[in-house]
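Shown here: model13.txt, compact mmCIF, C-alpha atoms and all ligand atoms.
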# COMPACT_ATOMS: atom_id res chain seq x y z
CA MET M 10 -86.55 267.02 -176.77
CA VAL M 11 -88.80 264.19 -175.55
CA ALA M 12 -87.90 263.09 -172.01
CA GLN M 13 -86.79 259.47 -171.84
CA PRO M 14 -89.00 257.37 -169.56
CA PHE M 15 -87.10 256.25 -166.47
CA ARG M 16 -86.30 252.50 -166.71
CA SER M 17 -85.07 250.31 -163.92
CA ALA M 18 -84.03 246.67 -163.91
CA GLY M 19 -84.28 246.19 -160.20
CA VAL M 20 -85.92 247.28 -156.96
CA LEU M 21 -84.40 248.14 -153.59
CA LEU M 22 -85.99 247.56 -150.17
CA ARG M 23 -85.13 250.73 -148.24
CA GLY M 24 -87.14 250.90 -145.02
CA CYS M 25 -89.66 249.08 -142.88
CA GLY M 26 -91.98 249.78 -139.97
CA SER M 27 -94.74 248.18 -137.95
CA ALA M 28 -97.41 248.97 -135.40
CA THR M 29 -99.60 246.89 -133.13
CA PRO M 30 -102.49 247.76 -130.83
CA SER M 31 -101.54 248.31 -127.20
CA ARG M 32 -104.00 245.75 -125.81
CA SER M 33 -102.62 242.21 -125.54
CA ILE M 34 -104.96 239.28 -124.88
CA SER M 35 -103.20 236.25 -123.43
CA ASN M 36 -104.20 232.62 -123.85
CA ALA M 37 -105.31 232.64 -120.23
CA ASP M 38 -107.51 235.66 -120.96
CA LEU M 39 -109.17 233.74 -123.82
CA GLY M 40 -109.79 230.86 -121.43
CA GLN M 41 -112.28 233.14 -119.68
CA ARG M 42 -114.33 233.29 -122.88
CA VAL M 43 -114.05 229.81 -124.47
CA GLU M 44 -113.10 226.36 -123.23
CA THR M 45 -109.39 226.30 -123.99
CA SER M 46 -106.05 226.39 -122.21
CA ASP M 47 -102.68 228.04 -122.55
CA SER M 48 -101.02 224.65 -123.01
CA TRP M 49 -103.42 223.59 -125.82
CA ILE M 50 -102.95 226.83 -127.74
CA ARG M 51 -99.16 226.93 -127.28
CA SER M 52 -98.62 223.30 -128.22
CA ARG M 53 -100.91 223.39 -131.30
CA THR M 54 -99.99 226.84 -132.59
CA GLY M 55 -97.02 228.39 -130.74
CA ILE M 56 -99.19 231.42 -129.92
CA ALA M 57 -99.10 232.92 -126.41
CA ALA M 58 -100.91 236.24 -126.97
CA ARG M 59 -102.46 238.44 -129.64
CA ARG M 60 -103.10 242.19 -129.95
CA VAL M 61 -106.62 243.56 -130.38
CA LEU M 62 -107.56 247.09 -131.45
CA GLY M 63 -108.92 249.20 -128.60
CA PRO M 64 -111.83 251.65 -128.77
CA SER M 65 -109.59 254.64 -129.54
CA GLU M 66 -107.46 252.84 -132.16
CA SER M 67 -108.17 252.13 -135.82
CA LEU M 68 -106.56 250.14 -138.60
CA ILE M 69 -105.59 253.38 -140.32
CA ASP M 70 -103.81 254.51 -137.13
CA LEU M 71 -101.68 251.36 -137.28
CA CYS M 72 -101.09 251.77 -141.02
CA ALA M 73 -100.00 255.40 -140.60
CA ALA M 74 -97.68 254.59 -137.68
CA SER M 75 -96.01 251.71 -139.51
CA ALA M 76 -95.69 253.73 -142.72
CA SER M 77 -94.16 256.73 -140.90
CA SER M 78 -91.55 254.45 -139.31
CA ALA M 79 -90.66 252.98 -142.70
CA LEU M 80 -90.34 256.43 -144.28
CA THR M 81 -88.19 257.66 -141.39
CA MET M 82 -85.91 254.63 -141.70
CA ALA M 83 -85.48 255.30 -145.42
CA GLY M 84 -85.07 259.04 -144.85
CA TRP M 85 -87.86 259.81 -147.34
CA GLU M 86 -90.48 262.55 -147.31
CA PRO M 87 -94.08 261.31 -147.80
CA ASP M 88 -94.29 263.60 -150.81
CA SER M 89 -91.67 261.53 -152.61
CA LEU M 90 -94.01 258.51 -152.85
CA ASP M 91 -95.61 257.68 -156.21
CA LEU M 92 -97.86 254.85 -155.01
CA ILE M 93 -99.32 253.48 -151.79
CA LEU M 94 -100.52 249.88 -151.90
CA LEU M 95 -102.51 248.75 -148.87
CA ALA M 96 -102.86 244.98 -148.62
CA THR M 97 -105.84 244.30 -146.41
CA SER M 98 -108.96 242.14 -146.31
CA THR M 99 -110.45 244.12 -143.45
CA PRO M 100 -110.44 247.80 -144.46
CA ASP M 101 -112.28 250.43 -142.46
CA ASP M 102 -114.08 251.27 -145.69
CA LEU M 103 -114.99 248.69 -148.35
CA PHE M 104 -114.41 251.32 -151.05
CA GLY M 105 -110.76 251.26 -149.99
CA SER M 106 -108.74 252.60 -147.08
CA ALA M 107 -105.49 253.40 -148.89
CA PRO M 108 -106.55 256.96 -149.89
CA ARG M 109 -107.20 257.73 -146.19
CA LEU M 110 -103.68 256.56 -145.44
CA GLN M 111 -102.36 258.74 -148.25
CA SER M 112 -104.01 261.81 -146.77
CA ARG M 113 -102.95 260.96 -143.18
CA LEU M 114 -99.33 260.73 -144.35
CA GLY M 115 -99.52 263.86 -146.51
CA ALA M 116 -98.29 261.83 -149.47
CA HIS M 117 -100.01 264.25 -151.88
CA ARG M 118 -98.39 262.97 -155.09
CA ALA M 119 -99.13 259.29 -154.47
CA VAL M 120 -101.99 257.33 -155.95
CA ALA M 121 -103.33 254.89 -153.35
CA PHE M 122 -105.43 251.76 -153.56
CA ASP M 123 -106.18 248.55 -151.66
CA LEU M 124 -105.21 245.05 -152.71
CA THR M 125 -107.05 242.06 -151.24
CA ALA M 126 -105.43 238.65 -151.02
CA ALA M 127 -105.87 237.76 -147.32
CA CYS M 128 -102.69 236.37 -145.77
CA SER M 129 -100.86 236.44 -149.13
CA GLY M 130 -101.76 240.11 -149.54
CA PHE M 131 -98.50 241.69 -148.43
CA LEU M 132 -96.34 239.47 -150.63
CA PHE M 133 -98.67 239.95 -153.61
CA ALA M 134 -98.57 243.74 -153.04
CA LEU M 135 -94.77 243.77 -152.81
CA ILE M 136 -94.52 241.84 -156.08
CA THR M 137 -97.10 244.14 -157.70
CA ALA M 138 -95.19 247.21 -156.54
CA ALA M 139 -92.00 245.81 -158.04
CA GLN M 140 -93.66 245.67 -161.48
CA TYR M 141 -94.41 249.41 -161.39
CA LEU M 142 -90.82 250.09 -160.36
CA ARG M 143 -89.28 247.78 -162.96
CA SER M 144 -91.40 249.21 -165.76
CA GLY M 145 -90.16 252.70 -165.00
CA ALA M 146 -93.69 253.93 -164.30
CA MET M 147 -92.83 254.78 -160.70
CA ARG M 148 -89.78 255.39 -158.52
CA ARG M 149 -90.90 255.12 -154.91
CA ILE M 150 -93.66 252.95 -153.41
CA LEU M 151 -95.02 252.29 -149.94
CA VAL M 152 -96.50 248.83 -149.36
CA VAL M 153 -98.51 248.27 -146.19
CA GLY M 154 -99.95 244.96 -144.96
CA ALA M 155 -102.62 245.45 -142.30
CA ASP M 156 -105.58 243.58 -140.92
CA GLN M 157 -108.07 243.77 -138.07
CA LEU M 158 -109.30 240.20 -137.99
CA SER M 159 -110.52 240.75 -134.41
CA ARG M 160 -113.48 242.51 -136.04
CA TRP M 161 -114.48 239.36 -137.94
CA VAL M 162 -113.49 236.47 -135.69
CA ASP M 163 -116.23 234.53 -133.94
CA TRP M 164 -114.87 234.95 -130.42
CA ASP M 165 -117.01 232.03 -129.26
CA ASP M 166 -115.44 229.62 -131.77
CA ARG M 167 -112.41 228.19 -129.99
CA ARG M 168 -111.23 226.42 -133.17
CA SER M 169 -110.43 229.75 -134.81
CA CYS M 170 -110.48 232.62 -132.30
CA VAL M 171 -107.23 231.58 -130.65
CA LEU M 172 -105.29 232.16 -133.87
CA PHE M 173 -105.83 235.75 -134.94
CA GLY M 174 -104.76 239.27 -133.99
CA ASP M 175 -104.47 242.82 -135.35
CA ALA M 176 -101.37 244.62 -136.70
CA ALA M 177 -99.86 246.62 -139.56
CA GLY M 178 -96.45 246.46 -141.20
CA ALA M 179 -94.90 248.63 -143.91
CA LEU M 180 -92.11 248.51 -146.45
CA VAL M 181 -90.78 251.26 -148.72
CA MET M 182 -89.22 250.28 -152.04
CA GLU M 183 -87.58 252.20 -154.84
CA ALA M 184 -86.41 251.63 -158.39
CA SER M 185 -82.76 250.63 -158.42
CA PRO M 186 -80.44 253.21 -160.05
CA ASP M 187 -77.97 250.46 -161.00
CA ASP M 188 -77.91 246.67 -161.43
CA ARG M 189 -78.68 245.86 -157.78
CA ASP M 190 -81.99 244.03 -157.26
CA ASP M 191 -83.68 243.02 -154.00
CA LEU M 192 -86.37 240.89 -155.66
CA ASN M 193 -84.56 237.92 -157.12
CA GLY M 194 -87.58 235.89 -158.15
CA PHE M 195 -91.21 235.29 -157.26
CA LEU M 196 -94.15 232.95 -157.82
CA MET M 197 -97.85 233.49 -157.14
CA ARG M 198 -100.72 231.00 -157.12
CA SER M 199 -104.51 230.97 -156.61
CA ASP M 200 -107.00 228.13 -156.33
CA GLY M 201 -110.56 229.31 -155.81
CA SER M 202 -111.89 225.75 -155.98
CA ARG M 203 -110.56 225.23 -152.44
CA GLY M 204 -111.67 228.67 -151.18
CA ASP M 205 -114.38 227.33 -148.89
CA VAL M 206 -111.86 226.08 -146.31
CA LEU M 207 -111.20 229.64 -145.13
CA LYS M 208 -113.64 232.44 -145.82
CA LEU M 209 -115.20 235.65 -144.60
CA PRO M 210 -118.41 235.67 -146.66
CA GLN M 211 -121.18 238.22 -146.96
CA ILE M 212 -124.31 237.56 -144.94
CA ASP M 213 -126.86 235.69 -147.05
CA GLU M 214 -129.87 237.96 -146.48
CA ARG M 215 -132.15 240.04 -148.66
CA ALA M 216 -134.55 242.87 -147.88
CA PRO M 217 -137.61 244.17 -149.78
CA LEU M 218 -136.83 246.87 -152.35
CA VAL M 219 -139.96 247.84 -154.32
CA GLY M 220 -142.86 245.70 -155.47
CA ASP M 221 -141.57 242.12 -155.68
CA ALA M 222 -137.94 243.23 -156.09
CA SER M 223 -135.49 242.70 -153.24
CA HIS M 224 -131.89 243.68 -152.62
CA PRO M 225 -129.02 241.82 -150.95
CA GLN M 226 -128.16 243.08 -147.48
CA GLY M 227 -124.62 244.25 -146.79
CA GLY M 228 -122.62 242.75 -143.93
CA PHE M 229 -120.30 239.85 -143.30
CA GLN M 230 -120.45 236.58 -141.43
CA PRO M 231 -117.62 235.74 -139.02
CA ILE M 232 -114.52 233.96 -140.32
CA GLN M 233 -115.21 230.32 -141.19
CA MET M 234 -112.26 227.96 -141.21
CA ASN M 235 -111.57 224.25 -141.62
CA GLY M 236 -108.32 224.28 -139.65
CA GLN M 237 -107.12 220.84 -140.64
CA GLU M 238 -107.63 221.49 -144.37
CA VAL M 239 -105.83 224.85 -144.17
CA TYR M 240 -103.00 223.17 -142.30
CA LYS M 241 -102.67 220.44 -144.96
CA PHE M 242 -102.77 223.06 -147.73
CA ALA M 243 -99.99 225.07 -146.07
CA VAL M 244 -97.60 222.21 -145.38
CA ARG M 245 -98.02 220.94 -148.94
CA GLU M 246 -98.04 224.13 -151.02
CA VAL M 247 -95.53 226.30 -149.16
CA PRO M 248 -92.60 223.86 -149.44
CA GLY M 249 -93.67 223.17 -153.03
CA ILE M 250 -93.59 226.79 -154.13
CA LEU M 251 -90.38 227.55 -152.24
CA ASP M 252 -88.72 224.55 -153.85
CA GLU M 253 -89.77 225.75 -157.31
CA LEU M 254 -88.53 229.26 -156.55
CA LEU M 255 -85.13 228.07 -155.32
CA GLN M 256 -84.74 225.87 -158.39
CA GLN M 257 -85.70 228.76 -160.66
CA ALA M 258 -83.04 230.93 -158.97
CA ASP M 259 -80.53 228.05 -158.93
CA LEU M 260 -80.08 228.47 -155.18
CA GLY M 261 -79.75 225.94 -152.37
CA ALA M 262 -81.66 226.45 -149.13
CA GLU M 263 -78.28 226.63 -147.34
CA GLN M 264 -77.60 229.88 -149.21
CA LEU M 265 -80.53 231.60 -147.48
CA ASP M 266 -79.92 233.82 -144.48
CA TRP M 267 -83.55 233.80 -143.38
CA LEU M 268 -86.87 232.06 -143.91
CA LEU M 269 -89.63 234.66 -143.46
CA LEU M 270 -92.97 232.88 -143.67
CA HIS M 271 -96.49 234.07 -143.03
CA GLN M 272 -96.88 233.60 -139.29
CA ALA M 273 -99.88 231.27 -139.12
CA ASN M 274 -98.79 228.45 -136.87
CA GLN M 275 -95.38 227.48 -135.44
CA ARG M 276 -95.96 223.88 -136.52
CA ILE M 277 -96.31 225.05 -140.15
CA LEU M 278 -93.07 227.06 -139.84
CA ASP M 279 -91.28 224.06 -138.34
CA ALA M 280 -92.57 221.68 -141.03
CA VAL M 281 -91.38 223.97 -143.85
CA ALA M 282 -87.98 224.47 -142.19
CA GLU M 283 -87.57 220.72 -141.75
CA ARG M 284 -88.42 220.07 -145.39
CA PHE M 285 -85.51 222.33 -146.47
CA ALA M 286 -83.22 221.39 -143.56
CA VAL M 287 -83.09 225.07 -142.60
CA PRO M 288 -81.95 225.35 -138.95
CA SER M 289 -84.52 226.87 -136.58
CA THR M 290 -82.11 229.77 -135.91
CA LYS M 291 -82.78 230.96 -139.47
CA VAL M 292 -86.56 230.74 -139.21
CA LEU M 293 -88.04 234.08 -138.20
CA SER M 294 -90.94 233.74 -135.79
CA ASN M 295 -92.82 236.19 -133.58
CA LEU M 296 -96.27 234.64 -133.63
CA ALA M 297 -95.98 233.81 -129.93
CA ASN M 298 -96.60 237.51 -129.24
CA TYR M 299 -99.00 238.46 -132.02
CA GLY M 300 -100.71 235.36 -133.46
CA ASN M 301 -101.77 235.41 -137.11
CA THR M 302 -102.23 239.04 -138.19
CA SER M 303 -103.00 238.08 -141.82
CA ALA M 304 -101.49 240.56 -144.31
CA ALA M 305 -99.40 242.13 -141.53
CA THR M 306 -97.39 239.10 -140.40
CA ILE M 307 -94.53 239.30 -142.91
CA PRO M 308 -93.76 243.05 -142.61
CA LEU M 309 -94.27 242.91 -138.82
CA MET M 310 -91.68 240.14 -138.57
CA LEU M 311 -89.37 241.81 -141.08
CA ASP M 312 -89.43 245.05 -139.12
CA GLU M 313 -88.67 243.33 -135.82
CA ALA M 314 -85.73 241.43 -137.28
CA VAL M 315 -84.30 244.48 -139.09
CA ARG M 316 -84.55 246.68 -135.99
CA ASP M 317 -83.00 244.14 -133.62
CA GLY M 318 -80.13 243.59 -136.06
CA ARG M 319 -80.81 240.01 -137.10
CA ILE M 320 -81.47 240.99 -140.72
CA GLN M 321 -78.47 242.88 -142.07
CA ALA M 322 -77.89 244.70 -145.34
CA GLY M 323 -77.20 242.15 -148.09
CA HIS M 324 -78.98 239.25 -146.37
CA ARG M 325 -80.93 236.89 -148.59
CA ILE M 326 -84.48 236.10 -147.41
CA ALA M 327 -86.95 233.53 -148.76
CA SER M 328 -90.50 234.60 -147.97
CA SER M 329 -93.83 232.89 -148.46
CA GLY M 330 -97.39 234.03 -147.86
CA PHE M 331 -100.40 231.72 -147.90
CA GLY M 332 -104.02 231.69 -146.87
CA ALA M 333 -107.60 232.38 -147.89
CA GLY M 334 -108.51 232.38 -151.54
CA LEU M 335 -106.88 229.99 -151.51
CA SER M 336 -103.79 231.95 -152.47
CA TRP M 337 -100.09 231.50 -151.92
CA GLY M 338 -96.85 232.91 -153.17
CA ALA M 339 -93.14 233.15 -152.55
CA ALA M 340 -90.39 235.68 -153.17
CA LEU M 341 -86.64 235.72 -152.90
CA LEU M 342 -85.69 239.00 -151.29
CA ARG M 343 -82.53 240.83 -150.37
CA TRP M 344 -82.52 243.54 -147.71
CA SER M 345 -80.67 246.72 -148.72
CA GLY M 346 -81.91 249.10 -146.05
CA PRO M 347 -81.43 252.87 -146.11
CA ALA M 348 -79.13 254.35 -148.78
O1 LIG M 401 -103.50 232.12 -142.49
C1 LIG M 401 -104.02 230.84 -142.41
C2 LIG M 401 -104.94 230.79 -141.23
N1 LIG M 401 -105.31 229.51 -140.76
C3 LIG M 401 -104.44 228.59 -140.25
O2 LIG M 401 -103.24 228.77 -140.23
C4 LIG M 401 -105.04 227.34 -139.67
C5 LIG M 401 -104.18 226.12 -139.88
N2 LIG M 401 -104.63 225.06 -138.97
C6 LIG M 401 -104.20 224.99 -137.70
O3 LIG M 401 -103.37 225.79 -137.29
C7 LIG M 401 -104.73 223.88 -136.85
O4 LIG M 401 -105.56 223.05 -137.62
C8 LIG M 401 -105.51 224.40 -135.59
C9 LIG M 401 -104.56 225.04 -134.61
C10 LIG M 401 -106.58 225.40 -136.01
C11 LIG M 401 -106.21 223.24 -134.89
O5 LIG M 401 -105.25 222.26 -134.53
P1 LIG M 401 -105.52 220.73 -134.86
O6 LIG M 401 -104.37 219.97 -134.33
O7 LIG M 401 -105.80 220.62 -136.34
O8 LIG M 401 -106.80 220.44 -134.00
P2 LIG M 401 -108.20 219.82 -134.44
O9 LIG M 401 -108.99 220.81 -135.21
O10 LIG M 401 -107.94 218.48 -135.06
O11 LIG M 401 -108.91 219.59 -133.06
C12 LIG M 401 -108.40 218.64 -132.09
C13 LIG M 401 -109.21 218.74 -130.83
C14 LIG M 401 -110.72 218.74 -131.09
O12 LIG M 401 -111.32 218.04 -130.02
P3 LIG M 401 -111.87 216.54 -130.24
O13 LIG M 401 -112.88 216.66 -131.33
O14 LIG M 401 -110.67 215.74 -130.66
O15 LIG M 401 -112.41 216.19 -128.91
C15 LIG M 401 -111.11 220.18 -130.98
O16 LIG M 401 -112.45 220.37 -130.56
O17 LIG M 401 -108.94 219.98 -130.17
C16 LIG M 401 -110.18 220.66 -129.91
N3 LIG M 401 -109.91 222.08 -129.95
C17 LIG M 401 -109.53 222.81 -128.90
N4 LIG M 401 -109.29 222.49 -127.62
C18 LIG M 401 -108.89 223.46 -126.80
C19 LIG M 401 -109.99 222.91 -131.05
N5 LIG M 401 -109.65 224.16 -130.70
C20 LIG M 401 -109.36 224.13 -129.38
C21 LIG M 401 -108.95 225.10 -128.46
N6 LIG M 401 -108.72 224.72 -127.18
N7 LIG M 401 -108.76 226.39 -128.79
Could you write out this structure as structure tokens?
Ligand code: UT7
Amino acid sequence: MVAQPFRSAGVLLRGCGSATPSRSISNADLGQRVETSDSWIRSRTGIAARRVLGPSESLIDLCAASASSALTMAGWEPDSLDLILLATSTPDDLFGSAPRLQSRLGAHRAVAFDLTAACSGFLFALITAAQYLRSGAMRRILVVGADQLSRWVDWDDRRSCVLFGDAAGALVMEASPDDRDDLNGFLMRSDGSRGDVLKLPQIDERAPLVGDASHPQGGFQPIQMNGQEVYKFAVREVPGILDELLQQADLGAEQLDWLLLHQANQRILDAVAERFAVPSTKVLSNLANYGNTSAATIPLMLDEAVRDGRIQAGHRIASSGFGAGLSWGAALLRWSGPA
């Protein structure tokens, strides 16, 4: 008899976790390095502090800690995972860091690879994971969003250095055994023609190879950002894509329990909430403590709100990620939690 491939209509979000470096750098601390002030940073961004990896910490340490918490919450053994997707733009190894995470966790059965989409990375990875689950190709997946932007920020550029921090967040998902579904719609967009407004490009240098041949040198320049253009992009595209998603799902914003946006700037969060008349009590925000941790912001915030009891089983969450690429996306999620 030929075994029937497992097919699933839906996906279930079962567990989450997060990890941040122990070292916190306050706005006042940054004022010792660049000409800025706590009041300027708070009023323009809502950020009060950010975490920065210390000498004995690595991105993979954060990934492993966040993933272990998510697995423990779900009550799953690492060996039960089929896939590990690591959303990061700042891996320890450009060939990919996900396999290191796989081995650290002892998730021997899982295939593991990185996915790069900057601040949209976690949402894009979650949506990608859902396709493997829906197709029946896989049953259990770990998605991690993690970045160490402190490695690539120009700490003498006050226009950008005040924004970023390091963190990791994790989510474990499984194929639904029945008609329940925690991903009730999604949209994803890219526009490379506007990519120059936020980039982390290779250094533009060459070195002699042999004869008159040369080779490009490896290495990256610090993050380059046109803050005003990124701000305009976010306050235009994020409401636009959320509006489209809600219409597609035939839902009103008042039916949402939570708005879980990429934590880039409190003013962006407020502008999106205002556009949909979502009260501030339903807008999840923790960027005061962590700043913009790129691919980690959404799972870091999700984990905090699940663990402190704000997000409850059955809650409906609209999420949107946006950033470099340019890339942006949105998903309508439901939180199931552990079985
Ligand atoms: O995942 C996406 C990541 N990127 C973002 O989310 C960035 C989105 N953009 C923003 O959040 C805002 O554009 C910023 C917070 C980066 C900047 O705020 P802004 O209101 O757009 O400020 P600005 O760039 O228009 O600068 C206003 C003034 C300038 O001084 P002058 O030229 O008016 O004298 C800046 O030099 O503020 C100055 N300034 C600062 N002053 C004190 C810029 N950065 C700082 C600073 N401290 N850190």
### Task
Extract, using only C-alpha atoms, all DNA, RNA and protein residues at most 10 Å from M:Arg319, discarding same-chain residues fewer than 4 positions from it, and format them as a list in words.
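In the requested format, the answer is Asp266, Trp267, Lys291, Leu293, Leu311, Glu313, Ala314, Val315 and His324 of chain M.
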### Task
Between M:Gln256, M:Thr45, M:Ser78, M:Ser35, single out the one closest to ligand LIG 401 (chain M), counting all atoms listed in the file.
M:Thr45
### Message
Residues within 9 Å of (-110.1, 228.3, -130.7), file coordinates, counting only C-alpha atoms: what are they? Give the list as a ChimeraX atom specification.
### Response
/M:39,43-45,50,164-172
### Query
How far is it from atom O3 of ligand LIG 401 (chain M) to atom CA of M:Arg53, in Å with one decimal?
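Calculated distance between atom O3 of ligand LIG 401 (chain M) and atom CA of M:Arg53 is 6.9 Å.
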Return the padded bounding box of ligand LIG 401 (chain M) as AutoDock Vina command-line options: axis-aligned, built from all atoms listed in the file, 8 Å added on each side, with centre and edge lengths in Å to one decimal.
--center_x -108.1 --center_y 223.9 --center_z -134.6 --size_x 25.6 --size_y 32.4 --size_z 31.7
### Task
Could you tell me how far atom CA of M:Ser112 lies from atom CA of M:Leu95, in Å and to one decimal?
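Separation between atom CA of M:Ser112 and atom CA of M:Leu95: 13.3 Å.
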### Message
When you count all atoms listed in the file, which of these residues is closest to ligand LIG 401 (chain M): M:Asp191, M:Asp200, M:Glu238, M:Asp123?
### Response
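Residue with the minimum atom-to-atom distance to ligand LIG 401 (chain M): M:Glu238.
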Report as a compact mmCIF listing (two decimals) with C-alpha atoms, keeping the file's coordinate frame all protein, DNA and RNA residues lying within 12 Å of M:Leu260, evaluated on all atoms listed in the file, omitting residues in the same chain fewer than 4 positions from it.
# COMPACT_ATOMS: atom_id res chain seq x y z
CA ASN M 193 -84.56 237.92 -157.12
CA GLY M 194 -87.58 235.89 -158.15
CA LEU M 251 -90.38 227.55 -152.24
CA ASP M 252 -88.72 224.55 -153.85
CA GLU M 253 -89.77 225.75 -157.31
CA LEU M 254 -88.53 229.26 -156.55
CA LEU M 255 -85.13 228.07 -155.32
CA GLN M 256 -84.74 225.87 -158.39
CA GLN M 264 -77.60 229.88 -149.21
CA LEU M 265 -80.53 231.60 -147.48
CA ASP M 266 -79.92 233.82 -144.48
CA PHE M 285 -85.51 222.33 -146.47
CA ARG M 325 -80.93 236.89 -148.59
CA ILE M 326 -84.48 236.10 -147.41
CA ALA M 327 -86.95 233.53 -148.76
CA LEU M 341 -86.64 235.72 -152.90
Sorted by chain and rising residue number, list the residues of chain M at most 9 Å from ligand LIG 401 (chain M) (counting all atoms listed in the file), each with its closest atom pair and distance in Å to one decimal, as a Markdown table.
| residue | atom | partner | partner_atom | distance |
| --- | --- | --- | --- | --- |
| M:Leu39 | CA | M:LIG401 | N7 | 8.9 |
| M:Gly40 | CA | M:LIG401 | N6 | 8.5 |
| M:Val43 | CA | M:LIG401 | N7 | 7.6 |
| M:Glu44 | CA | M:LIG401 | N6 | 6.1 |
| M:Thr45 | CA | M:LIG401 | N6 | 3.6 |
| M:Ser46 | CA | M:LIG401 | N6 | 5.9 |
| M:Asp47 | CA | M:LIG401 | N6 | 8.3 |
| M:Ser48 | CA | M:LIG401 | N6 | 8.8 |
| M:Trp49 | CA | M:LIG401 | C18 | 5.6 |
| M:Ile50 | CA | M:LIG401 | N7 | 5.9 |
| M:Ser52 | CA | M:LIG401 | C9 | 8.9 |
| M:Arg53 | CA | M:LIG401 | C9 | 5.2 |
| M:Thr54 | CA | M:LIG401 | C9 | 5.3 |
| M:Ala127 | CA | M:LIG401 | O1 | 7.8 |
| M:Cys128 | CA | M:LIG401 | O1 | 5.4 |
| M:Ser129 | CA | M:LIG401 | O1 | 8.3 |
| M:Asp166 | CA | M:LIG401 | N7 | 8.0 |
| M:Arg167 | CA | M:LIG401 | N7 | 4.2 |
| M:Arg168 | CA | M:LIG401 | N5 | 3.7 |
| M:Ser169 | CA | M:LIG401 | C10 | 5.9 |
| M:Cys170 | CA | M:LIG401 | N7 | 7.4 |
| M:Val171 | CA | M:LIG401 | N7 | 5.7 |
| M:Leu172 | CA | M:LIG401 | C9 | 7.2 |
| M:Phe173 | CA | M:LIG401 | C2 | 8.1 |
| M:Leu207 | CA | M:LIG401 | N1 | 7.3 |
| M:Met234 | CA | M:LIG401 | N1 | 7.1 |
| M:Asn235 | CA | M:LIG401 | O4 | 7.3 |
| M:Gly236 | CA | M:LIG401 | O4 | 3.6 |
| M:Gln237 | CA | M:LIG401 | O4 | 4.1 |
| M:Glu238 | CA | M:LIG401 | N2 | 7.1 |
| M:Val239 | CA | M:LIG401 | C5 | 4.8 |
| M:Tyr240 | CA | M:LIG401 | C5 | 4.0 |
| M:Lys241 | CA | M:LIG401 | C5 | 7.8 |
| M:Phe242 | CA | M:LIG401 | C5 | 8.5 |
| M:Ala243 | CA | M:LIG401 | C5 | 7.5 |
| M:His271 | CA | M:LIG401 | O1 | 7.3 |
| M:Gln272 | CA | M:LIG401 | O1 | 7.5 |
| M:Ala273 | CA | M:LIG401 | O2 | 4.3 |
| M:Asn274 | CA | M:LIG401 | O3 | 5.3 |
| M:Gln275 | CA | M:LIG401 | O3 | 8.4 |
| M:Arg276 | CA | M:LIG401 | O3 | 7.7 |
| M:Ile277 | CA | M:LIG401 | O3 | 7.7 |
| M:Asn301 | CA | M:LIG401 | O1 | 6.5 |
| M:Thr302 | CA | M:LIG401 | O1 | 8.2 |
| M:Ser303 | CA | M:LIG401 | O1 | 6.0 |
| M:Ala304 | CA | M:LIG401 | O1 | 8.9 |
| M:Gly330 | CA | M:LIG401 | O1 | 8.4 |
| M:Phe331 | CA | M:LIG401 | O1 | 6.2 |
| M:Gly332 | CA | M:LIG401 | O1 | 4.4 |
| M:Ala333 | CA | M:LIG401 | C1 | 6.7 |
